[in-house]
file work-v1.cif (mmCIF, C-alpha atoms)
data_protein
loop_
_atom_site.group_PDB
_atom_site.id
_atom_site.type_symbol
_atom_site.label_atom_id
_atom_site.label_comp_id
_atom_site.auth_asym_id
_atom_site.auth_seq_id
_atom_site.Cartn_x
_atom_site.Cartn_y
_atom_site.Cartn_z
ATOM 1 C CA MET A 21 502.396 159.522 47.552
ATOM 2 C CA GLU A 22 506.120 160.145 48.143
ATOM 3 C CA GLU A 23 506.109 162.783 45.412
ATOM 4 C CA ALA A 24 503.177 164.500 47.100
ATOM 5 C CA ASN A 25 505.054 164.586 50.387
ATOM 6 C CA GLN A 26 508.185 165.997 48.785
ATOM 7 C CA THR A 27 506.405 168.832 47.031
ATOM 8 C CA GLY A 28 504.220 169.557 50.026
ATOM 9 C CA VAL A 29 501.037 169.018 47.994
ATOM 10 C CA ILE A 30 498.303 167.106 49.818
ATOM 11 C CA LEU A 31 496.107 165.003 47.554
ATOM 12 C CA PHE A 32 493.243 162.773 48.653
ATOM 13 C CA HIS A 33 491.650 159.899 46.815
ATOM 14 C CA PHE A 34 488.304 158.217 47.389
ATOM 15 C CA ARG A 35 487.785 154.648 48.539
ATOM 16 C CA PRO A 36 486.339 152.525 45.696
ATOM 17 C CA PHE A 37 483.057 150.739 46.241
ATOM 18 C CA SER A 38 484.622 147.499 45.045
ATOM 19 C CA LYS A 39 487.956 146.217 43.770
ATOM 20 C CA LEU A 40 486.238 144.326 40.947
ATOM 21 C CA PRO A 41 485.937 146.344 37.689
ATOM 22 C CA GLU A 42 482.657 144.609 36.769
ATOM 23 C CA VAL A 43 481.073 145.592 40.087
ATOM 24 C CA GLN A 44 482.383 149.141 39.758
ATOM 25 C CA MET A 45 480.799 149.418 36.310
ATOM 26 C CA LEU A 46 477.461 148.152 37.641
ATOM 27 C CA ILE A 47 477.627 150.664 40.510
ATOM 28 C CA PHE A 48 478.424 153.438 38.017
ATOM 29 C CA VAL A 49 475.342 152.629 35.937
ATOM 30 C CA VAL A 50 473.067 152.471 39.008
ATOM 31 C CA LEU A 51 474.381 155.763 40.438
ATOM 32 C CA LEU A 52 474.168 157.471 37.045
ATOM 33 C CA VAL A 53 470.539 156.403 36.591
ATOM 34 C CA MET A 54 469.637 157.616 40.089
ATOM 35 C CA TYR A 55 471.385 160.947 39.484
ATOM 36 C CA LEU A 56 469.630 161.496 36.141
ATOM 37 C CA ILE A 57 466.239 160.649 37.671
ATOM 38 C CA SER A 58 466.961 163.031 40.546
ATOM 39 C CA ILE A 59 467.957 165.909 38.251
ATOM 40 C CA SER A 60 465.103 165.396 35.792
ATOM 41 C CA GLY A 61 462.507 164.887 38.549
ATOM 42 C CA ASN A 62 463.490 167.911 40.615
ATOM 43 C CA SER A 63 463.883 170.057 37.495
ATOM 44 C CA SER A 64 460.393 169.026 36.343
ATOM 45 C CA ILE A 65 458.892 169.990 39.700
ATOM 46 C CA PHE A 66 460.713 173.333 39.763
ATOM 47 C CA LEU A 67 459.770 174.259 36.184
ATOM 48 C CA THR A 68 456.163 173.075 36.572
ATOM 49 C CA ILE A 69 455.691 175.257 39.638
ATOM 50 C CA TRP A 70 457.496 178.160 37.964
ATOM 51 C CA ILE A 71 455.356 178.239 34.795
ATOM 52 C CA ASN A 72 451.983 177.322 36.338
ATOM 53 C CA PRO A 73 450.247 180.333 37.984
ATOM 54 C CA CYS A 74 447.868 178.004 39.845
ATOM 55 C CA LEU A 75 450.835 176.691 41.837
ATOM 56 C CA HIS A 76 452.104 180.120 42.887
ATOM 57 C CA THR A 77 451.256 179.579 46.549
ATOM 58 C CA PRO A 78 453.543 179.414 49.624
ATOM 59 C CA MET A 79 453.428 175.605 49.773
ATOM 60 C CA TYR A 80 454.613 175.209 46.184
ATOM 61 C CA PHE A 81 457.059 178.098 46.535
ATOM 62 C CA PHE A 82 458.860 176.178 49.277
ATOM 63 C CA LEU A 83 458.605 172.945 47.287
ATOM 64 C CA ALA A 84 460.244 174.664 44.292
ATOM 65 C CA ASN A 85 463.030 175.896 46.584
ATOM 66 C CA LEU A 86 463.495 172.375 47.947
ATOM 67 C CA ALA A 87 463.680 170.972 44.417
ATOM 68 C CA ALA A 88 466.331 173.548 43.456
ATOM 69 C CA LEU A 89 468.352 172.705 46.578
ATOM 70 C CA GLU A 90 468.165 169.006 45.718
ATOM 71 C CA ILE A 91 469.494 169.677 42.193
ATOM 72 C CA PHE A 92 472.567 171.542 43.441
ATOM 73 C CA TYR A 93 473.002 169.176 46.412
ATOM 74 C CA SER A 94 473.097 166.115 44.133
ATOM 75 C CA SER A 95 475.405 167.854 41.668
ATOM 76 C CA THR A 96 477.880 168.637 44.445
ATOM 77 C CA ILE A 97 478.478 164.910 44.997
ATOM 78 C CA ALA A 98 477.417 162.905 41.954
ATOM 79 C CA PRO A 99 479.708 164.079 39.086
ATOM 80 C CA LEU A 100 482.965 163.543 40.983
ATOM 81 C CA THR A 101 481.674 160.267 42.427
ATOM 82 C CA LEU A 102 480.727 158.986 38.982
ATOM 83 C CA ALA A 103 484.120 159.992 37.575
ATOM 84 C CA SER A 104 485.849 158.240 40.480
ATOM 85 C CA VAL A 105 483.822 155.045 40.056
ATOM 86 C CA LEU A 106 484.359 154.948 36.289
ATOM 87 C CA SER A 107 488.090 155.679 36.417
ATOM 88 C CA THR A 108 490.473 152.747 36.458
ATOM 89 C CA ASP A 109 493.019 154.858 38.354
ATOM 90 C CA ARG A 110 492.560 156.708 41.611
ATOM 91 C CA THR A 111 490.701 159.984 41.204
ATOM 92 C CA LEU A 112 492.717 162.573 43.123
ATOM 93 C CA ILE A 113 491.304 165.685 44.756
ATOM 94 C CA SER A 114 493.334 168.535 46.205
ATOM 95 C CA LEU A 115 492.904 169.992 49.673
ATOM 96 C CA PRO A 116 491.126 173.145 48.347
ATOM 97 C CA GLY A 117 488.964 170.994 46.074
ATOM 98 C CA CYS A 118 487.988 168.764 48.966
ATOM 99 C CA GLY A 119 487.207 171.801 51.113
ATOM 100 C CA THR A 120 485.031 173.294 48.366
ATOM 101 C CA GLN A 121 483.026 170.095 47.976
ATOM 102 C CA MET A 122 482.601 169.795 51.749
ATOM 103 C CA PHE A 123 481.453 173.414 52.044
ATOM 104 C CA PHE A 124 478.729 173.074 49.394
ATOM 105 C CA PHE A 125 477.670 169.689 50.771
ATOM 106 C CA ILE A 126 477.190 171.115 54.291
ATOM 107 C CA PHE A 127 475.685 174.363 52.986
ATOM 108 C CA LEU A 128 473.085 172.780 50.703
ATOM 109 C CA GLY A 129 472.388 169.834 53.010
ATOM 110 C CA SER A 130 471.808 172.143 55.987
ATOM 111 C CA ALA A 131 469.580 174.462 53.964
ATOM 112 C CA ASP A 132 467.657 171.405 52.760
ATOM 113 C CA CYS A 133 466.946 170.223 56.322
ATOM 114 C CA ILE A 134 465.956 173.712 57.491
ATOM 115 C CA MET A 135 463.679 174.117 54.459
ATOM 116 C CA LEU A 136 461.834 170.947 55.481
ATOM 117 C CA ALA A 137 461.145 172.573 58.864
ATOM 118 C CA VAL A 138 459.899 175.723 57.119
ATOM 119 C CA MET A 139 457.558 173.592 54.998
ATOM 120 C CA ALA A 140 456.197 171.937 58.158
ATOM 121 C CA TYR A 141 455.496 175.380 59.616
ATOM 122 C CA ASP A 142 453.673 176.346 56.413
ATOM 123 C CA ARG A 143 451.441 173.253 56.690
ATOM 124 C CA PHE A 144 450.829 174.006 60.376
ATOM 125 C CA VAL A 145 449.614 177.520 59.591
ATOM 126 C CA ALA A 146 447.491 176.304 56.655
ATOM 127 C CA ILE A 147 445.672 173.627 58.687
ATOM 128 C CA CYS A 148 445.597 175.107 62.186
ATOM 129 C CA HIS A 149 445.057 178.772 61.242
ATOM 130 C CA PRO A 150 443.391 178.704 57.801
ATOM 131 C CA LEU A 151 441.599 182.046 58.223
ATOM 132 C CA HIS A 152 444.875 183.864 58.917
ATOM 133 C CA TYR A 153 447.004 181.859 56.464
ATOM 134 C CA THR A 154 447.391 184.501 53.765
ATOM 135 C CA LEU A 155 448.179 187.119 56.388
ATOM 136 C CA ILE A 156 450.786 185.028 58.232
ATOM 137 C CA MET A 157 452.375 183.426 55.157
ATOM 138 C CA SER A 158 452.712 186.550 53.041
ATOM 139 C CA TRP A 159 455.159 186.505 50.134
ATOM 140 C CA ARG A 160 457.528 188.690 52.122
ATOM 141 C CA VAL A 161 457.576 186.151 54.974
ATOM 142 C CA CYS A 162 458.014 183.260 52.523
ATOM 143 C CA VAL A 163 461.026 184.899 50.877
ATOM 144 C CA GLN A 164 462.530 185.724 54.275
ATOM 145 C CA LEU A 165 462.133 182.113 55.442
ATOM 146 C CA ALA A 166 463.706 180.771 52.240
ATOM 147 C CA LEU A 167 466.623 183.208 52.405
ATOM 148 C CA GLY A 168 467.001 182.523 56.130
ATOM 149 C CA SER A 169 467.423 178.804 55.406
ATOM 150 C CA LEU A 170 470.165 179.571 52.897
ATOM 151 C CA LEU A 171 471.885 182.084 55.162
ATOM 152 C CA LEU A 172 471.949 179.778 58.190
ATOM 153 C CA GLY A 173 473.214 176.896 56.053
ATOM 154 C CA PHE A 174 475.922 179.138 54.563
ATOM 155 C CA VAL A 175 477.146 180.396 57.956
ATOM 156 C CA LEU A 176 477.271 176.901 59.502
ATOM 157 C CA ALA A 177 479.030 175.443 56.444
ATOM 158 C CA MET A 178 481.607 178.225 56.312
ATOM 159 C CA GLN A 179 482.473 177.970 60.005
ATOM 160 C CA LEU A 180 482.737 174.178 60.033
ATOM 161 C CA THR A 181 484.698 173.928 56.775
ATOM 162 C CA VAL A 182 487.222 176.609 57.781
ATOM 163 C CA LEU A 183 487.660 174.988 61.201
ATOM 164 C CA ILE A 184 488.315 171.534 59.733
ATOM 165 C CA PHE A 185 490.701 172.658 57.008
ATOM 166 C CA GLN A 186 492.831 174.551 59.497
ATOM 167 C CA LEU A 187 493.883 171.106 60.739
ATOM 168 C CA PRO A 188 497.269 169.810 59.588
ATOM 169 C CA PHE A 189 497.173 166.942 57.088
ATOM 170 C CA CYS A 190 500.506 165.181 57.054
ATOM 171 C CA SER A 191 500.308 163.255 53.795
ATOM 172 C CA SER A 192 498.100 162.196 50.946
ATOM 173 C CA LYS A 193 495.556 159.659 52.126
ATOM 174 C CA GLU A 194 492.468 157.701 51.145
ATOM 175 C CA ILE A 195 489.103 159.158 52.151
ATOM 176 C CA SER A 196 487.001 156.292 53.499
ATOM 177 C CA LEU A 197 484.009 157.454 51.467
ATOM 178 C CA PHE A 198 483.109 158.504 47.921
ATOM 179 C CA TYR A 199 483.129 162.255 48.665
ATOM 180 C CA CYS A 200 484.657 164.726 51.136
ATOM 181 C CA ASP A 201 482.443 164.301 54.171
ATOM 182 C CA VAL A 202 483.275 165.808 57.552
ATOM 183 C CA LEU A 203 484.077 162.767 59.686
ATOM 184 C CA PRO A 204 486.248 160.861 57.140
ATOM 185 C CA VAL A 205 488.306 163.993 56.389
ATOM 186 C CA MET A 206 488.634 164.878 60.066
ATOM 187 C CA ARG A 207 489.994 161.404 60.797
ATOM 188 C CA MET A 208 492.878 161.977 58.369
ATOM 189 C CA ALA A 209 494.226 164.962 60.282
ATOM 190 C CA CYS A 210 497.432 164.458 62.257
ATOM 191 C CA ALA A 211 496.231 166.496 65.243
ATOM 192 C CA ASP A 212 493.757 166.324 68.089
ATOM 193 C CA THR A 213 490.196 166.761 66.759
ATOM 194 C CA HIS A 214 488.083 166.751 69.940
ATOM 195 C CA VAL A 215 487.130 170.422 69.522
ATOM 196 C CA HIS A 216 486.233 169.823 65.872
ATOM 197 C CA GLU A 217 484.118 166.785 66.740
ATOM 198 C CA ALA A 218 482.276 168.807 69.384
ATOM 199 C CA THR A 219 481.674 171.589 66.837
ATOM 200 C CA LEU A 220 480.339 169.058 64.337
ATOM 201 C CA PHE A 221 477.944 167.735 66.969
ATOM 202 C CA VAL A 222 476.691 171.260 67.747
ATOM 203 C CA VAL A 223 476.152 171.966 64.035
ATOM 204 C CA SER A 224 474.345 168.627 63.679
ATOM 205 C CA VAL A 225 472.036 169.511 66.555
ATOM 206 C CA ILE A 226 471.264 172.894 64.966
ATOM 207 C CA VAL A 227 470.650 171.394 61.524
ATOM 208 C CA LEU A 228 469.003 168.097 62.460
ATOM 209 C CA THR A 229 467.677 167.937 66.020
ATOM 210 C CA ILE A 230 466.149 171.408 66.392
ATOM 211 C CA PRO A 231 464.376 171.405 62.989
ATOM 212 C CA PHE A 232 463.173 167.836 63.566
ATOM 213 C CA LEU A 233 461.717 168.793 66.958
ATOM 214 C CA LEU A 234 459.959 171.762 65.346
ATOM 215 C CA ILE A 235 458.626 169.488 62.604
ATOM 216 C CA THR A 236 457.421 166.982 65.210
ATOM 217 C CA LEU A 237 455.678 169.721 67.195
ATOM 218 C CA SER A 238 454.051 171.057 64.022
ATOM 219 C CA TYR A 239 452.696 167.633 63.099
ATOM 220 C CA VAL A 240 451.417 166.954 66.611
ATOM 221 C CA LEU A 241 449.385 170.165 66.392
ATOM 222 C CA ILE A 242 448.389 169.361 62.801
ATOM 223 C CA GLY A 243 447.240 165.886 63.848
ATOM 224 C CA ALA A 244 445.134 167.340 66.650
ATOM 225 C CA ALA A 245 443.562 169.824 64.221
ATOM 226 C CA ILE A 246 442.831 167.101 61.628
ATOM 227 C CA LEU A 247 441.045 164.964 64.230
ATOM 228 C CA LYS A 248 438.683 167.881 64.888
ATOM 229 C CA ILE A 249 437.588 168.008 61.240
ATOM 230 C CA ARG A 250 434.168 166.392 61.042
ATOM 231 C CA SER A 251 434.030 165.276 57.412
ATOM 232 C CA ALA A 252 436.108 162.303 56.277
ATOM 233 C CA GLU A 253 436.832 164.085 52.987
ATOM 234 C CA GLY A 254 438.184 167.110 54.848
ATOM 235 C CA ARG A 255 440.429 164.954 57.019
ATOM 236 C CA HIS A 256 441.704 163.094 53.961
ATOM 237 C CA ARG A 257 442.444 166.341 52.099
ATOM 238 C CA ALA A 258 444.300 167.789 55.079
ATOM 239 C CA PHE A 259 446.291 164.611 55.584
ATOM 240 C CA SER A 260 447.179 164.295 51.892
ATOM 241 C CA THR A 261 448.813 167.740 51.890
ATOM 242 C CA CYS A 262 451.142 166.596 54.688
ATOM 243 C CA SER A 263 451.823 162.929 53.950
ATOM 244 C CA SER A 264 454.376 163.472 51.178
ATOM 245 C CA HIS A 265 456.309 166.022 53.223
ATOM 246 C CA LEU A 266 456.271 163.764 56.284
ATOM 247 C CA THR A 267 457.595 160.843 54.215
ATOM 248 C CA VAL A 268 460.494 162.951 52.910
ATOM 249 C CA VAL A 269 461.265 164.205 56.448
ATOM 250 C CA LEU A 270 461.481 160.682 57.890
ATOM 251 C CA LEU A 271 463.690 159.530 55.022
ATOM 252 C CA GLN A 272 466.026 162.525 55.163
ATOM 253 C CA TYR A 273 466.393 162.909 58.913
ATOM 254 C CA GLY A 274 466.505 159.182 59.602
ATOM 255 C CA CYS A 275 469.555 158.621 57.385
ATOM 256 C CA THR A 276 471.535 161.725 58.306
ATOM 257 C CA SER A 277 470.968 161.170 62.034
ATOM 258 C CA LEU A 278 472.608 157.748 61.767
ATOM 259 C CA ILE A 279 475.832 159.484 60.738
ATOM 260 C CA TYR A 280 475.970 162.891 62.401
ATOM 261 C CA LEU A 281 474.154 162.385 65.704
ATOM 262 C CA CYS A 282 475.959 159.171 66.684
ATOM 263 C CA PRO A 283 479.231 159.353 68.678
ATOM 264 C CA SER A 284 482.182 159.794 66.326
ATOM 265 C CA SER A 285 483.924 156.874 68.048
ATOM 266 C CA SER A 286 481.192 154.565 66.730
ATOM 267 C CA TYR A 287 481.552 155.780 63.140
ATOM 268 C CA SER A 288 481.938 152.899 60.690
ATOM 269 C CA PRO A 289 483.259 153.615 57.160
ATOM 270 C CA GLU A 290 481.281 150.674 55.780
ATOM 271 C CA ARG A 291 478.019 151.864 57.325
ATOM 272 C CA GLY A 292 478.858 155.431 56.330
ATOM 273 C CA GLN A 293 479.320 154.348 52.708
ATOM 274 C CA VAL A 294 475.882 152.702 52.556
ATOM 275 C CA VAL A 295 473.965 155.396 54.464
ATOM 276 C CA SER A 296 475.665 158.159 52.473
ATOM 277 C CA VAL A 297 474.473 156.615 49.208
ATOM 278 C CA VAL A 298 470.933 156.798 50.593
ATOM 279 C CA TYR A 299 470.938 160.514 51.422
ATOM 280 C CA THR A 300 473.125 161.683 48.511
ATOM 281 C CA PHE A 301 471.613 159.604 45.682
ATOM 282 C CA ILE A 302 468.459 157.732 46.716
ATOM 283 C CA THR A 303 466.693 160.439 48.747
ATOM 284 C CA PRO A 304 467.098 163.208 46.094
ATOM 285 C CA MET A 305 465.785 160.694 43.537
ATOM 286 C CA LEU A 306 462.761 159.668 45.628
ATOM 287 C CA ASN A 307 461.725 163.148 46.780
ATOM 288 C CA PRO A 308 460.240 164.325 43.449
ATOM 289 C CA LEU A 309 458.558 160.937 42.970
ATOM 290 C CA ILE A 310 456.983 161.124 46.434
ATOM 291 C CA TYR A 311 455.719 164.669 45.948
ATOM 292 C CA SER A 312 454.414 164.097 42.430
ATOM 293 C CA MET A 313 452.570 160.891 43.367
ATOM 294 C CA ARG A 314 451.003 162.144 46.614
ATOM 295 C CA ASN A 315 450.082 165.694 45.548
ATOM 296 C CA ARG A 316 447.076 165.858 43.211
ATOM 297 C CA ASP A 317 447.552 169.451 42.001
ATOM 298 C CA LEU A 318 451.220 168.897 41.224
ATOM 299 C CA LYS A 319 450.497 165.555 39.570
ATOM 300 C CA ASP A 320 447.825 167.093 37.334
ATOM 301 C CA SER A 321 450.116 169.990 36.405
ATOM 302 C CA LEU A 322 452.942 167.594 35.530
ATOM 303 C CA LYS A 323 450.600 165.516 33.345
ATOM 304 C CA LYS A 324 449.435 168.631 31.499
ATOM 305 C CA ALA A 325 453.021 169.775 30.973
ATOM 306 C CA ILE A 326 454.016 166.358 29.599
ATOM 307 C CA LEU A 327 451.003 166.291 27.249
ATOM 308 C CA ARG A 328 451.920 169.740 25.937
ATOM 309 C CA LEU A 329 455.459 168.554 25.204
ATOM 310 C CA LEU A 330 454.170 165.446 23.440
ATOM 311 C CA LEU A 331 451.798 167.501 21.278
ATOM 312 C CA LEU A 332 454.494 169.931 20.168
#
call {"tool": "encode", "arguments": {"input": "work-v1.cif", "output": "structure tokens"}}
result
Amino acid sequence: MEEANQTGVILFHFRPFSKLPEVQMLIFVVLLVMYLISISGNSSIFLTIWINPCLHTPMYFFLANLAALEIFYSSTIAPLTLASVLSTDRTLISLPGCGTQMFFFIFLGSADCIMLAVMAYDRFVAICHPLHYTLIMSWRVCVQLALGSLLLGFVLAMQLTVLIFQLPFCSSKEISLFYCDVLPVMRMACADTHVHEATLFVVSVIVLTIPFLLITLSYVLIGAAILKIRSAEGRHRAFSTCSSHLTVVLLQYGCTSLIYLCPSSSYSPERGQVVSVVYTFITPMLNPLIYSMRNRDLKDSLKKAILRLLLL
């Protein structure tokens, strides 16, 4: 640490999950398994939708985009975390490296949340305006919505990351988490961060609160439309197309809101460590499982793809 101060190089290191090597090894195995399931599951969904013409519809187009986002989102965090957990020494990360990881984490995480709102809008149009669905959700509109999610996530991530890394960091320090998240890094700055905390809250409202309110409104209108369907089979079919998405929304928004929409003064590194594992490892792992189990068309397509591979 003294050498870092003398040369003017700022290096961060991550807080270990445990001081016991045996526990660290167990955590490494668990995180590795979750990461591999996440990558294989999301890749399977993306490739299945890509190669199956029957799934070339707006709903599955957005699901394929979500799966791709989850792959890159997980890969932004998991490899460095796994290397840090496995290493017997402290895994160091430079200031530019930390900024790069934070940028892609905010960018992909924001785009992920906005994409969930876009998917809710797609379900709203499909159930509440079925006769005009193909007209409203044209391929041009779908591409614009997908690109808009990426663009908004990119702009918010760039602004927030540049703002935070303009802060002065006086020395090499330990990040109270297993990756470069906004609040832990901000707390290591040797300057006043009230403006930065306010900016983070505004970004969190844009990424979390506004999309969640739009999702809630969509599902209120969807619920009202489903209740008007006379046949039980029709109601079940309409509900089944939304249940998996709604489950993912509650899981994603519930965890991230505990961190980013709470006052920064109440931030707890211990709670942050646990909740962050949920939305960086567990949620990306569960999402493909939820969609594949609750969606009949996707499940059937996955089964056919697996059978083809087994017969080769």
call {"tool": "closest_atom_pairs", "arguments": {"input": "work-v1.cif", "of": "stretch 128-187 of chain A", "to": "stretch 203-226 of chain A", "cutoff": "9 Å", "atoms": "all atoms listed in the file", "output": "tab-separated table"}}
result
residue	atom	partner	partner_atom	distance
A:Ser130	CA	A:Ser224	CA	8.8
A:Leu176	CA	A:Val223	CA	6.8
A:Ala177	CA	A:Val223	CA	8.8
A:Leu180	CA	A:Leu220	CA	7.1
A:Leu183	CA	A:His216	CA	7.1
A:Ile184	CA	A:Met206	CA	6.7
A:Phe185	CA	A:Met206	CA	8.6
A:Leu187	CA	A:Ala209	CA	6.2
call {"tool": "closest_residue", "arguments": {"input": "work-v1.cif", "among": "A:Ile97, A:Ile246, A:Val227, A:Leu46", "to": "A:Thr261", "atoms": "all atoms listed in the file"}}
result
A:Ile246
call {"tool": "resolve_selection", "arguments": {"input": "work-v1.cif", "expression": "the PyMOL selection byres ((chain A and resi 57-64) around 6)", "output": "PyMOL selection string"}}
result
chain A and resi 54-56+65-68+87+91+304-305+308
call {"tool": "write_last_selection", "arguments": {"input": "work-v1.cif", "atoms": "C-alpha atoms", "output": "compact mmCIF listing (two decimals), keeping the file's coordinate frame"}}
result
# COMPACT_ATOMS: atom_id res chain seq x y z
CA MET A 54 469.64 157.62 40.09
CA TYR A 55 471.38 160.95 39.48
CA LEU A 56 469.63 161.50 36.14
CA ILE A 65 458.89 169.99 39.70
CA PHE A 66 460.71 173.33 39.76
CA LEU A 67 459.77 174.26 36.18
CA THR A 68 456.16 173.08 36.57
CA ALA A 87 463.68 170.97 44.42
CA ILE A 91 469.49 169.68 42.19
CA PRO A 304 467.10 163.21 46.09
CA MET A 305 465.78 160.69 43.54
CA PRO A 308 460.24 164.32 43.45
call {"tool": "closest_residue", "arguments": {"input": "work-v1.cif", "among": "A:Leu247, A:Ala84, A:Thr101, A:Leu52", "to": "A:Phe34", "atoms": "all atoms listed in the file"}}
result
A:Thr101
call {"tool": "atom_distance", "arguments": {"input": "work-v1.cif", "atom1": "atom CA of A:Leu89", "atom2": "atom CA of A:Ala131"}}
result
7.7 Å
call {"tool": "resolve_selection", "arguments": {"input": "work-v1.cif", "expression": "the PyMOL selection byres ((chain A and resi 298) around 12)", "output": "MDAnalysis selection string"}}
result
chainID A and resid 51 54:55 94 271:276 278:279 291:297 299:307
call {"tool": "write_last_selection", "arguments": {"input": "work-v1.cif", "atoms": "C-alpha atoms", "output": "compact mmCIF listing (two decimals), in the coordinates of the input"}}
result
# COMPACT_ATOMS: atom_id res chain seq x y z
CA LEU A 51 474.38 155.76 40.44
CA MET A 54 469.64 157.62 40.09
CA TYR A 55 471.38 160.95 39.48
CA SER A 94 473.10 166.12 44.13
CA LEU A 271 463.69 159.53 55.02
CA GLN A 272 466.03 162.52 55.16
CA TYR A 273 466.39 162.91 58.91
CA GLY A 274 466.50 159.18 59.60
CA CYS A 275 469.56 158.62 57.38
CA THR A 276 471.54 161.72 58.31
CA LEU A 278 472.61 157.75 61.77
CA ILE A 279 475.83 159.48 60.74
CA ARG A 291 478.02 151.86 57.32
CA GLY A 292 478.86 155.43 56.33
CA GLN A 293 479.32 154.35 52.71
CA VAL A 294 475.88 152.70 52.56
CA VAL A 295 473.96 155.40 54.46
CA SER A 296 475.66 158.16 52.47
CA VAL A 297 474.47 156.62 49.21
CA TYR A 299 470.94 160.51 51.42
CA THR A 300 473.12 161.68 48.51
CA PHE A 301 471.61 159.60 45.68
CA ILE A 302 468.46 157.73 46.72
CA THR A 303 466.69 160.44 48.75
CA PRO A 304 467.10 163.21 46.09
CA MET A 305 465.78 160.69 43.54
CA LEU A 306 462.76 159.67 45.63
CA ASN A 307 461.72 163.15 46.78
